[in-house]
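**Student:** My structure is stored as final.txt, with compact mmCIF, C-alpha atoms.
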# COMPACT_ATOMS: atom_id res chain seq x y z
CA MET Z 1 -29.48 80.72 -84.01
CA GLU Z 2 -28.12 83.80 -85.77
CA ASP Z 3 -26.22 83.53 -89.05
CA ASP Z 4 -23.01 84.74 -87.40
CA ALA Z 5 -23.17 81.89 -84.90
CA HIS Z 6 -20.82 79.74 -86.96
CA MET Z 7 -17.76 81.55 -85.71
CA THR Z 8 -14.50 79.78 -85.06
CA LEU Z 9 -13.51 79.69 -81.42
CA PRO Z 10 -9.97 80.70 -80.47
CA ALA Z 11 -7.81 77.59 -80.66
CA GLU Z 12 -6.93 77.67 -77.01
CA GLU Z 13 -10.62 77.81 -76.04
CA SER Z 14 -12.15 75.57 -78.68
CA VAL Z 15 -13.70 72.16 -78.11
CA THR Z 16 -13.95 69.66 -80.95
CA ILE Z 17 -15.61 66.30 -81.41
CA GLU Z 18 -12.12 64.80 -81.23
CA ASP Z 19 -11.77 66.25 -77.72
CA ILE Z 20 -15.01 64.56 -76.70
CA VAL Z 21 -13.92 61.23 -78.18
CA LYS Z 22 -10.62 61.47 -76.29
CA ALA Z 23 -12.47 62.38 -73.11
CA ARG Z 24 -14.62 59.29 -73.46
CA ALA Z 25 -11.55 57.06 -73.73
CA ARG Z 26 -9.99 58.82 -70.75
CA ILE Z 27 -12.96 58.34 -68.40
CA GLN Z 28 -14.12 54.95 -69.69
CA GLY Z 29 -14.59 52.47 -66.88
CA ARG Z 30 -14.78 55.23 -64.28
CA VAL Z 31 -18.22 56.51 -65.27
CA ARG Z 32 -21.38 54.59 -66.04
CA GLU Z 33 -22.90 54.46 -69.47
CA THR Z 34 -26.26 55.49 -68.12
CA PRO Z 35 -29.45 53.85 -69.40
CA MET Z 36 -31.87 55.25 -71.95
CA LEU Z 37 -35.40 54.47 -70.77
CA PRO Z 38 -38.52 54.91 -72.96
CA ASN Z 39 -41.46 56.53 -71.20
CA THR Z 40 -44.90 55.53 -72.46
CA LEU Z 41 -46.86 58.19 -70.57
CA LEU Z 42 -44.73 61.06 -71.86
CA THR Z 43 -44.94 59.56 -75.32
CA GLU Z 44 -48.73 59.58 -75.16
CA ARG Z 45 -48.80 63.07 -73.67
CA VAL Z 46 -46.66 64.78 -76.32
CA GLY Z 47 -47.59 62.57 -79.26
CA ALA Z 48 -44.01 61.59 -79.98
CA SER Z 49 -41.63 58.88 -78.84
CA VAL Z 50 -39.87 60.04 -75.66
CA SER Z 51 -36.94 58.39 -73.88
CA LEU Z 52 -35.07 59.54 -70.79
CA LYS Z 53 -31.28 59.63 -70.63
CA CYS Z 54 -30.76 58.86 -66.95
CA GLU Z 55 -27.69 60.76 -65.79
CA ASN Z 56 -29.35 60.84 -62.36
CA LEU Z 57 -28.13 57.23 -62.14
CA GLN Z 58 -24.51 58.28 -62.75
CA ARG Z 59 -21.92 57.93 -60.01
CA THR Z 60 -22.30 60.91 -57.61
CA GLY Z 61 -25.85 61.28 -58.93
CA SER Z 62 -25.23 63.58 -61.90
CA PHE Z 63 -23.41 64.05 -65.21
CA LYS Z 64 -20.82 66.30 -63.56
CA LEU Z 65 -18.44 63.42 -62.84
CA ARG Z 66 -17.65 63.11 -66.54
CA GLY Z 67 -16.09 66.55 -66.81
CA ALA Z 68 -14.34 66.37 -63.45
CA LEU Z 69 -12.71 63.03 -64.24
CA ASN Z 70 -11.63 64.27 -67.65
CA VAL Z 71 -9.83 67.24 -66.09
CA ILE Z 72 -8.59 65.72 -62.83
CA GLY Z 73 -8.22 62.09 -63.78
CA GLU Z 74 -4.77 62.49 -65.31
CA LEU Z 75 -3.27 64.84 -62.73
CA GLU Z 76 -0.08 63.76 -61.01
CA GLY Z 77 1.61 65.38 -58.04
CA SER Z 78 -0.80 68.29 -57.75
CA ALA Z 79 -0.86 70.36 -54.58
CA GLY Z 80 -4.61 70.08 -54.73
CA VAL Z 81 -7.71 71.26 -56.53
CA ILE Z 82 -10.33 73.84 -55.64
CA ALA Z 83 -13.84 74.25 -57.00
CA ALA Z 84 -17.04 76.20 -56.38
CA SER Z 85 -20.40 74.54 -56.66
CA ALA Z 86 -23.96 74.35 -55.34
CA GLY Z 87 -23.53 70.61 -55.03
CA ASN Z 88 -23.21 68.35 -58.08
CA HIS Z 89 -19.91 69.71 -59.39
CA ALA Z 90 -18.67 69.69 -55.79
CA GLN Z 91 -19.31 65.98 -55.43
CA ALA Z 92 -17.80 65.22 -58.82
CA VAL Z 93 -14.57 67.11 -58.10
CA ALA Z 94 -14.37 65.58 -54.63
CA LEU Z 95 -14.63 62.03 -55.95
CA ALA Z 96 -12.31 62.61 -58.90
CA ALA Z 97 -9.69 64.12 -56.58
CA ALA Z 98 -10.10 61.30 -54.06
CA GLU Z 99 -9.44 58.71 -56.76
CA ARG Z 100 -6.16 60.49 -57.59
CA GLU Z 101 -5.40 60.97 -53.85
CA ILE Z 102 -5.32 64.73 -54.40
CA PRO Z 103 -6.64 67.17 -51.74
CA ALA Z 104 -9.84 68.98 -52.73
CA LEU Z 105 -11.29 72.20 -51.31
CA ILE Z 106 -14.86 73.01 -52.32
CA LEU Z 107 -16.57 76.38 -51.80
CA MET Z 108 -20.35 76.08 -51.57
CA PRO Z 109 -23.12 78.64 -50.96
CA ARG Z 110 -24.18 78.51 -47.34
CA ASP Z 111 -27.73 77.68 -48.42
CA ALA Z 112 -26.66 74.79 -50.66
CA PRO Z 113 -28.74 71.65 -49.98
CA ILE Z 114 -27.51 69.89 -46.86
CA ALA Z 115 -27.56 66.53 -48.63
CA LYS Z 116 -25.11 67.85 -51.21
CA GLN Z 117 -22.85 69.34 -48.54
CA ARG Z 118 -22.72 66.05 -46.67
CA ALA Z 119 -22.12 64.02 -49.81
CA THR Z 120 -19.20 66.26 -50.76
CA LEU Z 121 -17.68 65.81 -47.31
CA GLY Z 122 -18.29 62.08 -47.63
CA TYR Z 123 -16.10 61.94 -50.73
CA GLY Z 124 -13.23 63.33 -48.67
CA ALA Z 125 -13.21 66.99 -49.69
CA GLU Z 126 -12.89 69.98 -47.39
CA VAL Z 127 -16.02 72.15 -47.65
CA MET Z 128 -16.05 75.89 -47.04
CA LEU Z 129 -19.47 77.57 -46.88
CA VAL Z 130 -19.70 81.06 -48.37
CA ASP Z 131 -22.31 83.76 -47.85
CA GLY Z 132 -23.79 84.71 -51.22
CA PRO Z 133 -24.69 83.05 -54.51
CA LEU Z 134 -22.63 80.63 -56.57
CA ALA Z 135 -20.99 83.50 -58.47
CA THR Z 136 -19.46 84.71 -55.20
CA CYS Z 137 -18.12 81.23 -54.48
CA ILE Z 138 -16.51 81.08 -57.92
CA ASP Z 139 -14.83 84.47 -57.50
CA GLU Z 140 -13.46 83.51 -54.09
CA ALA Z 141 -12.28 80.12 -55.36
CA ARG Z 142 -10.29 81.76 -58.15
CA VAL Z 143 -8.56 84.04 -55.66
CA MET Z 144 -7.78 81.17 -53.27
CA ALA Z 145 -6.42 79.08 -56.14
CA ARG Z 146 -3.82 81.74 -56.90
CA GLU Z 147 -2.97 82.29 -53.24
CA ARG Z 148 -2.58 78.59 -52.41
CA GLY Z 149 -1.22 77.25 -55.68
CA LEU Z 150 -4.25 75.05 -56.30
CA LEU Z 151 -5.77 74.00 -59.61
CA PHE Z 152 -9.14 75.72 -60.04
CA VAL Z 153 -11.71 73.43 -61.66
CA PRO Z 154 -14.64 75.57 -62.87
CA PRO Z 155 -18.12 74.07 -63.16
CA PHE Z 156 -18.42 74.68 -66.92
CA ASP Z 157 -15.92 77.26 -68.22
CA LEU Z 158 -13.13 74.90 -69.29
CA PRO Z 159 -12.69 72.93 -72.54
CA GLY Z 160 -11.93 69.73 -70.61
CA ILE Z 161 -15.14 70.07 -68.63
CA VAL Z 162 -17.24 70.65 -71.76
CA ALA Z 163 -15.57 67.73 -73.53
CA GLY Z 164 -16.26 65.43 -70.59
CA GLN Z 165 -19.92 66.43 -70.45
CA GLY Z 166 -20.12 65.94 -74.20
CA THR Z 167 -19.63 62.21 -73.75
CA VAL Z 168 -23.32 62.11 -72.77
CA GLY Z 169 -24.10 63.20 -76.34
CA LEU Z 170 -22.07 60.36 -77.83
CA GLU Z 171 -24.02 57.86 -75.75
CA ILE Z 172 -27.34 59.42 -76.74
CA VAL Z 173 -26.66 59.04 -80.47
CA GLU Z 174 -25.48 55.46 -80.00
CA GLN Z 175 -28.44 54.47 -77.83
CA ALA Z 176 -31.00 56.34 -79.97
CA PRO Z 177 -29.50 56.55 -83.48
CA ASP Z 178 -32.78 57.89 -84.95
CA VAL Z 179 -33.16 60.68 -82.39
CA GLU Z 180 -34.74 63.88 -83.75
CA THR Z 181 -34.71 66.13 -80.67
CA VAL Z 182 -32.46 66.17 -77.61
CA ILE Z 183 -33.60 68.28 -74.64
CA VAL Z 184 -30.91 69.33 -72.16
CA PRO Z 185 -31.11 71.23 -68.83
CA ALA Z 186 -28.82 74.24 -68.79
CA GLY Z 187 -27.32 76.69 -66.32
CA GLY Z 188 -23.84 77.78 -67.36
CA GLY Z 189 -24.14 75.67 -70.49
CA GLY Z 190 -21.33 73.12 -70.11
CA LEU Z 191 -23.60 70.09 -70.52
CA LEU Z 192 -25.70 71.76 -73.23
CA ALA Z 193 -22.66 72.85 -75.23
CA GLY Z 194 -20.94 69.47 -74.96
CA ILE Z 195 -24.02 67.43 -75.87
CA ALA Z 196 -24.90 69.76 -78.74
CA LEU Z 197 -21.42 69.50 -80.23
CA ALA Z 198 -21.43 65.71 -79.94
CA VAL Z 199 -24.95 65.22 -81.30
CA LYS Z 200 -24.56 67.64 -84.21
CA SER Z 201 -21.25 66.02 -85.14
CA ARG Z 202 -22.81 62.56 -85.27
CA ARG Z 203 -26.36 63.42 -86.37
CA PRO Z 204 -26.50 66.94 -87.87
CA GLN Z 205 -30.23 66.80 -88.62
CA ALA Z 206 -31.17 66.33 -84.95
CA LYS Z 207 -32.31 69.36 -82.96
CA VAL Z 208 -30.76 70.21 -79.62
CA ILE Z 209 -32.87 72.32 -77.27
CA GLY Z 210 -31.69 73.74 -73.96
CA VAL Z 211 -33.98 74.32 -70.99
CA GLN Z 212 -33.53 76.95 -68.29
CA THR Z 213 -35.56 77.93 -65.26
CA LYS Z 214 -37.43 81.21 -65.65
CA ALA Z 215 -35.88 82.25 -62.34
CA MET Z 216 -32.35 82.45 -63.83
CA PRO Z 217 -32.41 82.44 -67.66
CA GLY Z 218 -28.84 83.56 -68.21
CA ILE Z 219 -28.35 81.75 -71.51
CA VAL Z 220 -31.65 82.98 -72.93
CA ALA Z 221 -30.79 86.56 -71.97
CA SER Z 222 -27.32 86.19 -73.48
CA LEU Z 223 -28.65 84.87 -76.78
CA THR Z 224 -31.11 87.76 -76.92
CA SER Z 225 -28.37 90.30 -76.32
CA GLY Z 226 -25.87 88.60 -78.62
CA ALA Z 227 -23.15 88.32 -75.98
CA PRO Z 228 -22.60 86.52 -72.67
CA LEU Z 229 -24.20 88.34 -69.77
CA LYS Z 230 -25.21 87.62 -66.21
CA VAL Z 231 -28.65 87.67 -64.61
CA SER Z 232 -29.36 88.37 -60.97
CA ALA Z 233 -29.27 85.51 -58.48
CA ALA Z 234 -32.69 84.13 -57.56
CA ARG Z 235 -34.01 81.30 -55.43
CA THR Z 236 -35.01 78.26 -57.44
CA MET Z 237 -35.63 74.60 -56.71
CA ALA Z 238 -33.33 73.95 -59.68
CA ASP Z 239 -30.24 74.83 -57.63
CA GLY Z 240 -28.04 72.78 -59.95
CA VAL Z 241 -28.54 75.37 -62.72
CA ALA Z 242 -28.67 78.49 -60.53
CA VAL Z 243 -25.91 80.10 -62.58
CA ALA Z 244 -25.75 83.77 -63.56
CA GLY Z 245 -24.95 83.06 -67.20
CA PRO Z 246 -22.77 81.25 -69.72
CA SER Z 247 -19.07 81.80 -70.27
CA THR Z 248 -17.64 82.94 -73.59
CA LEU Z 249 -16.66 79.31 -74.26
CA THR Z 250 -20.08 77.81 -73.66
CA PHE Z 251 -21.96 80.75 -75.20
CA ASP Z 252 -20.13 80.45 -78.52
CA LEU Z 253 -20.67 76.70 -78.65
CA ILE Z 254 -24.36 77.10 -77.83
CA ARG Z 255 -24.83 79.74 -80.54
CA ARG Z 256 -23.14 77.44 -83.02
CA TYR Z 257 -24.77 74.12 -82.22
CA VAL Z 258 -27.98 74.63 -80.21
CA ASP Z 259 -31.27 75.16 -82.05
CA ASP Z 260 -33.26 76.80 -79.27
CA VAL Z 261 -33.30 77.48 -75.53
CA VAL Z 262 -36.64 77.59 -73.69
CA THR Z 263 -37.63 78.32 -70.09
CA VAL Z 264 -39.86 76.53 -67.59
CA SER Z 265 -41.54 77.70 -64.40
CA GLU Z 266 -40.87 76.53 -60.86
CA GLU Z 267 -44.36 75.02 -60.76
CA THR Z 268 -43.71 72.95 -63.88
CA ILE Z 269 -40.38 71.75 -62.50
CA ALA Z 270 -42.12 70.61 -59.31
CA GLN Z 271 -44.73 68.73 -61.32
CA ALA Z 272 -42.01 67.06 -63.39
CA ILE Z 273 -40.19 65.85 -60.27
CA VAL Z 274 -43.39 64.24 -58.98
CA PHE Z 275 -44.15 62.77 -62.41
CA LEU Z 276 -40.72 61.16 -62.65
CA ILE Z 277 -41.06 59.59 -59.21
CA GLU Z 278 -44.53 58.23 -59.73
CA ARG Z 279 -44.58 57.41 -63.43
CA ALA Z 280 -40.94 56.66 -64.26
CA ARG Z 281 -39.69 55.45 -60.85
CA LEU Z 282 -36.83 57.93 -61.13
CA VAL Z 283 -35.66 60.41 -58.49
CA ALA Z 284 -34.62 63.70 -60.08
CA GLU Z 285 -33.59 67.01 -58.59
CA GLY Z 286 -35.05 70.28 -59.86
CA ALA Z 287 -32.40 70.86 -62.51
CA GLY Z 288 -32.52 67.23 -63.57
CA ALA Z 289 -36.26 67.35 -64.23
CA MET Z 290 -36.26 70.44 -66.45
CA GLY Z 291 -36.19 68.52 -69.75
CA VAL Z 292 -39.31 66.62 -68.71
CA ALA Z 293 -40.84 69.90 -67.49
CA ALA Z 294 -40.31 71.40 -70.96
CA LEU Z 295 -42.23 68.53 -72.54
CA MET Z 296 -45.02 68.53 -69.94
CA SER Z 297 -45.54 72.30 -70.20
CA GLY Z 298 -45.51 72.43 -73.99
CA ALA Z 299 -42.38 74.61 -74.08
CA VAL Z 300 -41.06 72.05 -76.58
CA GLN Z 301 -43.64 70.96 -79.15
CA SER Z 302 -43.71 68.45 -82.04
CA PRO Z 303 -40.29 67.12 -81.13
CA GLY Z 304 -40.42 63.80 -83.03
CA ARG Z 305 -38.27 61.04 -81.57
CA THR Z 306 -37.08 62.73 -78.40
CA VAL Z 307 -34.48 62.17 -75.71
CA ALA Z 308 -34.80 64.24 -72.55
CA VAL Z 309 -31.70 64.28 -70.36
CA VAL Z 310 -32.42 63.73 -66.66
CA SER Z 311 -29.19 65.37 -65.59
CA GLY Z 312 -29.14 64.76 -61.83
CA GLY Z 313 -30.89 63.11 -58.91
CA ASN Z 314 -29.33 64.74 -55.85
CA ILE Z 315 -32.44 66.15 -54.20
CA ASP Z 316 -32.79 66.77 -50.49
CA VAL Z 317 -35.15 64.21 -48.92
CA ASN Z 318 -37.09 66.87 -46.99
CA THR Z 319 -37.57 68.91 -50.15
CA LEU Z 320 -38.65 65.81 -52.00
CA GLY Z 321 -41.26 65.00 -49.34
CA ARG Z 322 -42.70 68.52 -49.51
CA LEU Z 323 -42.84 68.42 -53.29
CA VAL Z 324 -44.62 65.09 -53.35
CA SER Z 325 -47.17 66.22 -50.77
CA ARG Z 326 -47.79 69.46 -52.64
CA GLY Z 327 -48.05 67.61 -55.93
CA LEU Z 328 -50.78 65.41 -54.51
CA LEU Z 329 -52.66 68.51 -53.38
CA VAL Z 330 -52.31 70.17 -56.79
CA GLU Z 331 -53.60 67.03 -58.51
CA GLY Z 332 -56.56 66.88 -56.15
CA ARG Z 333 -55.54 63.54 -54.69
CA HIS Z 334 -55.21 64.87 -51.15
CA ARG Z 335 -58.30 66.81 -50.01
CA THR Z 336 -59.67 68.32 -46.84
CA LEU Z 337 -63.27 67.68 -45.80
CA THR Z 338 -65.05 69.32 -42.84
CA VAL Z 339 -68.19 67.91 -41.22
CA ALA Z 340 -70.38 69.37 -38.46
CA ALA Z 341 -71.30 66.38 -36.28
CA ALA Z 342 -73.32 66.08 -33.10
CA ASN Z 343 -71.24 65.08 -30.11
CA VAL Z 344 -73.05 61.74 -29.79
CA ALA Z 345 -72.19 58.11 -30.40
CA GLY Z 346 -72.28 56.85 -33.99
CA GLU Z 347 -71.45 60.08 -35.80
CA MET Z 348 -67.89 59.10 -36.68
CA SER Z 349 -69.09 55.71 -37.91
CA LEU Z 350 -71.66 57.36 -40.17
CA ILE Z 351 -69.01 59.56 -41.78
CA SER Z 352 -66.30 56.91 -42.06
CA THR Z 353 -68.74 54.46 -43.65
CA ALA Z 354 -69.58 57.01 -46.35
CA LEU Z 355 -65.88 57.69 -46.90
CA ALA Z 356 -65.10 53.99 -47.19
CA SER Z 357 -67.95 53.42 -49.65
CA ALA Z 358 -66.37 56.00 -51.97
CA GLY Z 359 -62.91 54.44 -51.66
CA ALA Z 360 -61.43 57.39 -49.79
CA ASN Z 361 -58.52 56.75 -47.46
CA ILE Z 362 -58.46 58.78 -44.22
CA LEU Z 363 -54.97 60.19 -43.62
CA GLU Z 364 -55.71 62.44 -40.65
CA VAL Z 365 -58.65 63.48 -38.47
CA ARG Z 366 -58.87 66.60 -36.31
CA HIS Z 367 -61.72 66.85 -33.78
CA GLU Z 368 -62.69 70.41 -32.76
CA LEU Z 369 -65.21 70.01 -29.95
CA ILE Z 370 -65.48 73.70 -29.00
CA THR Z 371 -65.89 76.30 -31.77
CA VAL Z 372 -67.31 79.82 -31.94
CA ASP Z 373 -69.30 79.30 -35.14
CA LEU Z 374 -71.09 76.03 -34.25
CA PRO Z 375 -73.70 75.41 -31.53
CA VAL Z 376 -72.79 73.83 -28.22
CA GLY Z 377 -72.89 70.07 -28.67
CA VAL Z 378 -71.81 70.24 -32.34
CA ALA Z 379 -68.19 69.47 -33.19
CA ARG Z 380 -66.22 70.13 -36.33
CA LEU Z 381 -64.46 67.09 -37.76
CA VAL Z 382 -61.68 67.89 -40.22
CA PHE Z 383 -60.63 64.97 -42.41
CA ARG Z 384 -57.58 64.88 -44.64
CA VAL Z 385 -58.36 62.20 -47.18
CA GLU Z 386 -56.69 60.55 -50.13
CA VAL Z 387 -58.73 60.05 -53.29
CA ALA Z 388 -57.86 58.99 -56.83
CA GLY Z 389 -58.68 62.37 -58.35
CA ALA Z 390 -61.52 64.73 -59.29
CA GLU Z 391 -63.96 61.97 -60.24
CA ALA Z 392 -63.31 60.09 -57.00
CA TRP Z 393 -63.86 63.32 -55.04
CA ASP Z 394 -67.23 63.86 -56.73
CA ALA Z 395 -68.16 60.25 -55.90
CA LEU Z 396 -67.21 60.88 -52.26
CA LEU Z 397 -69.47 63.94 -52.04
CA SER Z 398 -72.32 61.91 -53.53
CA ALA Z 399 -71.73 59.11 -51.02
CA LEU Z 400 -71.90 61.59 -48.14
CA SER Z 401 -75.20 62.96 -49.42
CA GLU Z 402 -76.60 59.46 -49.88
CA GLY Z 403 -75.53 58.70 -46.31
CA GLY Z 404 -77.85 61.42 -45.04
CA LEU Z 405 -75.40 64.28 -44.69
CA GLN Z 406 -76.37 67.64 -46.13
CA PRO Z 407 -74.32 70.60 -47.37
CA GLY Z 408 -73.44 73.08 -44.67
CA THR Z 409 -72.27 76.67 -44.40
CA ALA Z 410 -69.76 76.67 -41.55
CA THR Z 411 -68.63 73.21 -42.74
CA ASP Z 412 -68.78 71.23 -45.97
CA PHE Z 413 -71.42 68.85 -44.58
CA VAL Z 414 -73.71 68.50 -41.56
CA THR Z 415 -74.79 65.16 -40.11
CA PRO Z 416 -78.53 64.54 -39.55
CA ALA Z 417 -78.10 64.55 -35.76
CA ALA Z 418 -76.26 67.88 -35.87
CA ALA Z 419 -78.82 69.37 -38.24
CA ALA Z 420 -81.60 68.49 -35.78
CA MET Z 421 -79.99 70.54 -33.00
CA PRO Z 422 -80.89 74.23 -32.51
CA TRP Z 423 -78.51 76.47 -34.48
Do you think you could lay out the structure here as C-alpha cells?
**Tutor:**
Amino acid sequence: MEDDAHMTLPAEESVTIEDIVKARARIQGRVRETPMLPNTLLTERVGASVSLKCENLQRTGSFKLRGALNVIGELEGSAGVIAASAGNHAQAVALAAAEREIPALILMPRDAPIAKQRATLGYGAEVMLVDGPLATCIDEARVMARERGLLFVPPFDLPGIVAGQGTVGLEIVEQAPDVETVIVPAGGGGLLAGIALAVKSRRPQAKVIGVQTKAMPGIVASLTSGAPLKVSAARTMADGVAVAGPSTLTFDLIRRYVDDVVTVSEETIAQAIVFLIERARLVAEGAGAMGVAALMSGAVQSPGRTVAVVSGGNIDVNTLGRLVSRGLLVEGRHRTLTVAAANVAGEMSLISTALASAGANILEVRHELITVDLPVGVARLVFRVEVAGAEAWDALLSALSEGGLQPGTATDFVTPAAAAMPW
C-alpha cells in the first residue's frame, strides 16, 4: 500500500484490536469457532501449505453473524432494526434481532437468491424486495430508518460490524500461528478490514490479501484512485460481494493493513465452487469461494503457509446444480457422442458394449429416427456420457473404432450396418 496509508482514523470511526477482542467476548457462545481444514490438493497445486477457514459452516451460513451479533446483541428496548442486504447480512441481522426479540425489517434486491430470501423470512424478519441493486436498498433503508425510528445496521460501514468480523482474524492466528498469507473475499471490505487488523496486530509479518470479482472491483478501483469510489452494478455469481465500493471506514483500514487486493473472473469462481464440493466436501457460494479461486487461478502466487477464508455457503440449490453440471462439461467429464446407426436389431447393443468396455457411463440417449442429413433407415443416436476425463474419452473413441465403428461426417461415428446402406 502507499506510504500515506498509515493514517490515523478519526476516533469516532476507528477500529482497534481492543475493539475486536471485546467483540469476541461479547459474541462468544453465540457464534461457532469455525474449523480450519488443511487441503492437500490445493497444497499440491500451489506448492504451499493451504488451509481453509470455514466460515461457510458458521450459523446462518456465513461470517456475517459475527458483526450483527456484536452490534445488535446488547440492544435493549429498541423499536426495531433495519438492514439492506443481498442475503447473508440479512440472515445475520434477522437472527441477531430474533435472539433479542427485536423486530427486524430487511430490504433485499428483488433478484436476490430465493434461498436467501426464504432463510431471512425463516429467522423471523420482515422482508421488503426493492427494484435495483444493493446500493439502492441501502439508500432506502437509511431513509426508512429515520422515518420509522429504527436502528440501521449497515453491512460493513460501522465500527461494530468491522470489529465483529475481525474475530475471524483472531481465530485464524490462533488456529494457524505460523500463517504467512491470509486470503479474504471482499466486497465492501468489512471482513477484509477486520481480519487484516486482527492478523497484523497478532502477526505483523503475515500478508493479508483481499479478493474481488472482476465484475465489481470497487476496492481495487478505490485503491487505484486513492479514495473510496463506487463502481457500476453488475451481475455476478458472487452476489455476497456485489457491492459498489468500500466506505471511508473500511477503505482506510484496508489501505493501512492489507498488502494487496486481486481480482478473479466469474469462470474461476465457478471452478472454485465445484472444486470445493468435490475435493473439500464443502458447499460455498460464489463470494465464499473467491479465496480458493485466487489460488487456483494464480492471482495469488508463492503465498507460503496460507489460509483462505471460505466466507459463506448460502448458494441457491438450482444455481449449484447448474454450476456442477457446467463444471463437469468444462472438465470434459460429461461428453456428447453421436452415432449413425442402421434401424435394425443389435445396433444399440454394439454401441453400448463399446461404451461399457471403455468405462463410460450413459447418462442420456436421444434417438432421432427421421433426419434430413441421413439416409432413410439410418437413425442418429445422441449419447450423453460420463467419462473420467480426456484420457478416458480417447480410450472410448478407440473402443468404438475397435468395435467396428468408423468416423463419420454427419455424426461422430457410423456403425458397419449403417455404412453398408446407400448414402
**Student:** Quick one: residues within 9 Å of Ala115 of chain Z, all atoms listed in the file counted, chain neighbours fewer than 2 positions away excluded, as a short mmCIF file (atom, residue, chain, number, x, y, z; two decimals) with C-alpha atoms, keeping the file's coordinate frame?
**Tutor:**
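The resulting file, selection-v1.cif, is reproduced below:
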data_model
loop_
_atom_site.label_atom_id
_atom_site.label_comp_id
_atom_site.auth_asym_id
_atom_site.auth_seq_id
_atom_site.Cartn_x
_atom_site.Cartn_y
_atom_site.Cartn_z
CA GLY Z 87 -23.53 70.61 -55.03
CA ALA Z 112 -26.66 74.79 -50.66
CA PRO Z 113 -28.74 71.65 -49.98
CA GLN Z 117 -22.85 69.34 -48.54
CA ARG Z 118 -22.72 66.05 -46.67
CA ALA Z 119 -22.12 64.02 -49.81
CA THR Z 120 -19.20 66.26 -50.76
CA ASN Z 314 -29.33 64.74 -55.85
CA ILE Z 315 -32.44 66.15 -54.20
CA ASP Z 316 -32.79 66.77 -50.49
CA VAL Z 317 -35.15 64.21 -48.92
#
**Student:** Considering only C-alpha atoms, tabulate each residue of segment 84-196 of chain Z that lies at most 10 Å from segment 292-296 of chain Z along with its nearest interatomic pair and the corresponding distance in Å to one decimal; arrange the rows by chain and ascending residue number and present them as a Markdown table.
**Tutor:**
| residue | atom | partner | partner_atom | distance |
| --- | --- | --- | --- | --- |
| Z:Ile183 | CA | Z:Ala294 | CA | 8.3 |
| Z:Val184 | CA | Z:Val292 | CA | 9.5 |
| Z:Pro185 | CA | Z:Val292 | CA | 9.4 |
**Student:** Would you export the selected residues with C-alpha atoms as a PDB file, in the coordinates of the input, please?
**Tutor:**
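Final output, saved to selection.pdb:
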ATOM      1  CA  ILE Z 183     -33.600  68.280 -74.640  1.00  0.00           C
ATOM      2  CA  VAL Z 184     -30.910  69.330 -72.160  1.00  0.00           C
ATOM      3  CA  PRO Z 185     -31.110  71.230 -68.830  1.00  0.00           C
TER       4      PRO Z 185
END
**Student:** Could you check the closest approach to Glu180 of chain Z for each of Z:Arg384, Z:Lys207, Z:His89, Z:His367 and tell me which residue wins, using all atoms listed in the file?
**Tutor:**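 Result for the nearest residue to Glu180 of chain Z: Z:Lys207.
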**Student:** Hey, can you check how far atom CA of Val243 of chain Z sits from atom CA of Val81 of chain Z?
**Tutor:**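 Atom CA of Val81 of chain Z lies 21.1 Å from atom CA of Val243 of chain Z.
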**Student:** Quick one: pull the distance between atom CA of Met128 of chain Z and atom CA of Ala84 of chain Z, Å, one decimal.
**Tutor:**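 Distance reported for this atom pair: 9.4 Å.
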**Student:** Nearest to Leu134 of chain Z: which of Z:Thr268, Z:Ser49, Z:Ser232, Z:Ser225 is it, counting all atoms listed in the file?
**Tutor:**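 Distance minimum relative to Leu134 of chain Z lands on Z:Ser232.
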**Student:** If we count only C-alpha atoms and set the cut-off at 9 Å, which residues sit around Ile72 of chain Z, ignoring sequence neighbours fewer than 6 positions away in its own chain? Please answer as a list in words.
**Tutor:**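 Residues meeting the cut-off are Val81, Val93, Ala96, Ala97, Arg100 and Val153 of chain Z.
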**Student:** Around the point (-36.6, 64.2, -72.4), in the coordinates given by the file, pick out the residues reaching within 7 Å, counting only C-alpha atoms, and return them as a ChimeraX atom specification.
**Tutor:** /Z:50-52,182-183,291-292,306-309
**Student:** Between Z:Val261, Z:Ala186, Z:Leu337, Z:Ala418, which one has atoms that come closest to Val385 of chain Z, using all atoms listed in the file?
**Tutor:**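 Counting all atoms listed in the file, the residue closest to Val385 of chain Z is Z:Leu337.
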**Student:** Counting only C-alpha atoms, figure out which residue out of Z:Val211, Z:Leu397, Z:Ala270, Z:Ala340 gets nearest to Arg380 of chain Z.
**Tutor:**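 The shortest atom-to-atom distance to Arg380 of chain Z comes from Z:Ala340.
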**Student:** To one decimal place in Å, what is the distance between atom CA of Leu191 of chain Z and atom CA of Ile277 of chain Z?
**Tutor:** 23.3 Å
**Student:** Near Ala287 of chain Z, within 7 Å and counting only C-alpha atoms, which residues show up once chain neighbours fewer than 4 positions away are dropped, as a count of residues only?
**Tutor:** 6
**Student:** Kindly indicate which residue among Z:Pro103, Z:Leu328, Z:Leu355, Z:Ile370 lies nearest to Leu405 of chain Z, using all atoms listed in the file for the distances.
**Tutor:**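 Ranked by minimum distance to Leu405 of chain Z, first place goes to Z:Leu355.
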**Student:** From the options Z:Gln91, Z:Thr250, Z:Ser311, Z:Thr40, which residue's atoms come nearest to Gly218 of chain Z, counting all atoms listed in the file?
**Tutor:**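 Checking each of Z:Gln91, Z:Thr250, Z:Ser311, Z:Thr40 against Gly218 of chain Z, counting all atoms listed in the file, the winner is Z:Thr250.
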**Student:** Which polymer residues have any atom within 12 Å of an atom of Ser297 of chain Z, counting only C-alpha atoms, with same-chain residues fewer than 6 positions away left out, as a list in words?
**Tutor:**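 After dropping sequence-adjacent residues, the list is Leu42, Arg45, Val46, Val211, Val262, Thr263, Val264, Ser265, Glu266, Glu267, Thr268, Ile269, Ala270, Gln271, Ala272, Met290 and Gly291 of chain Z.
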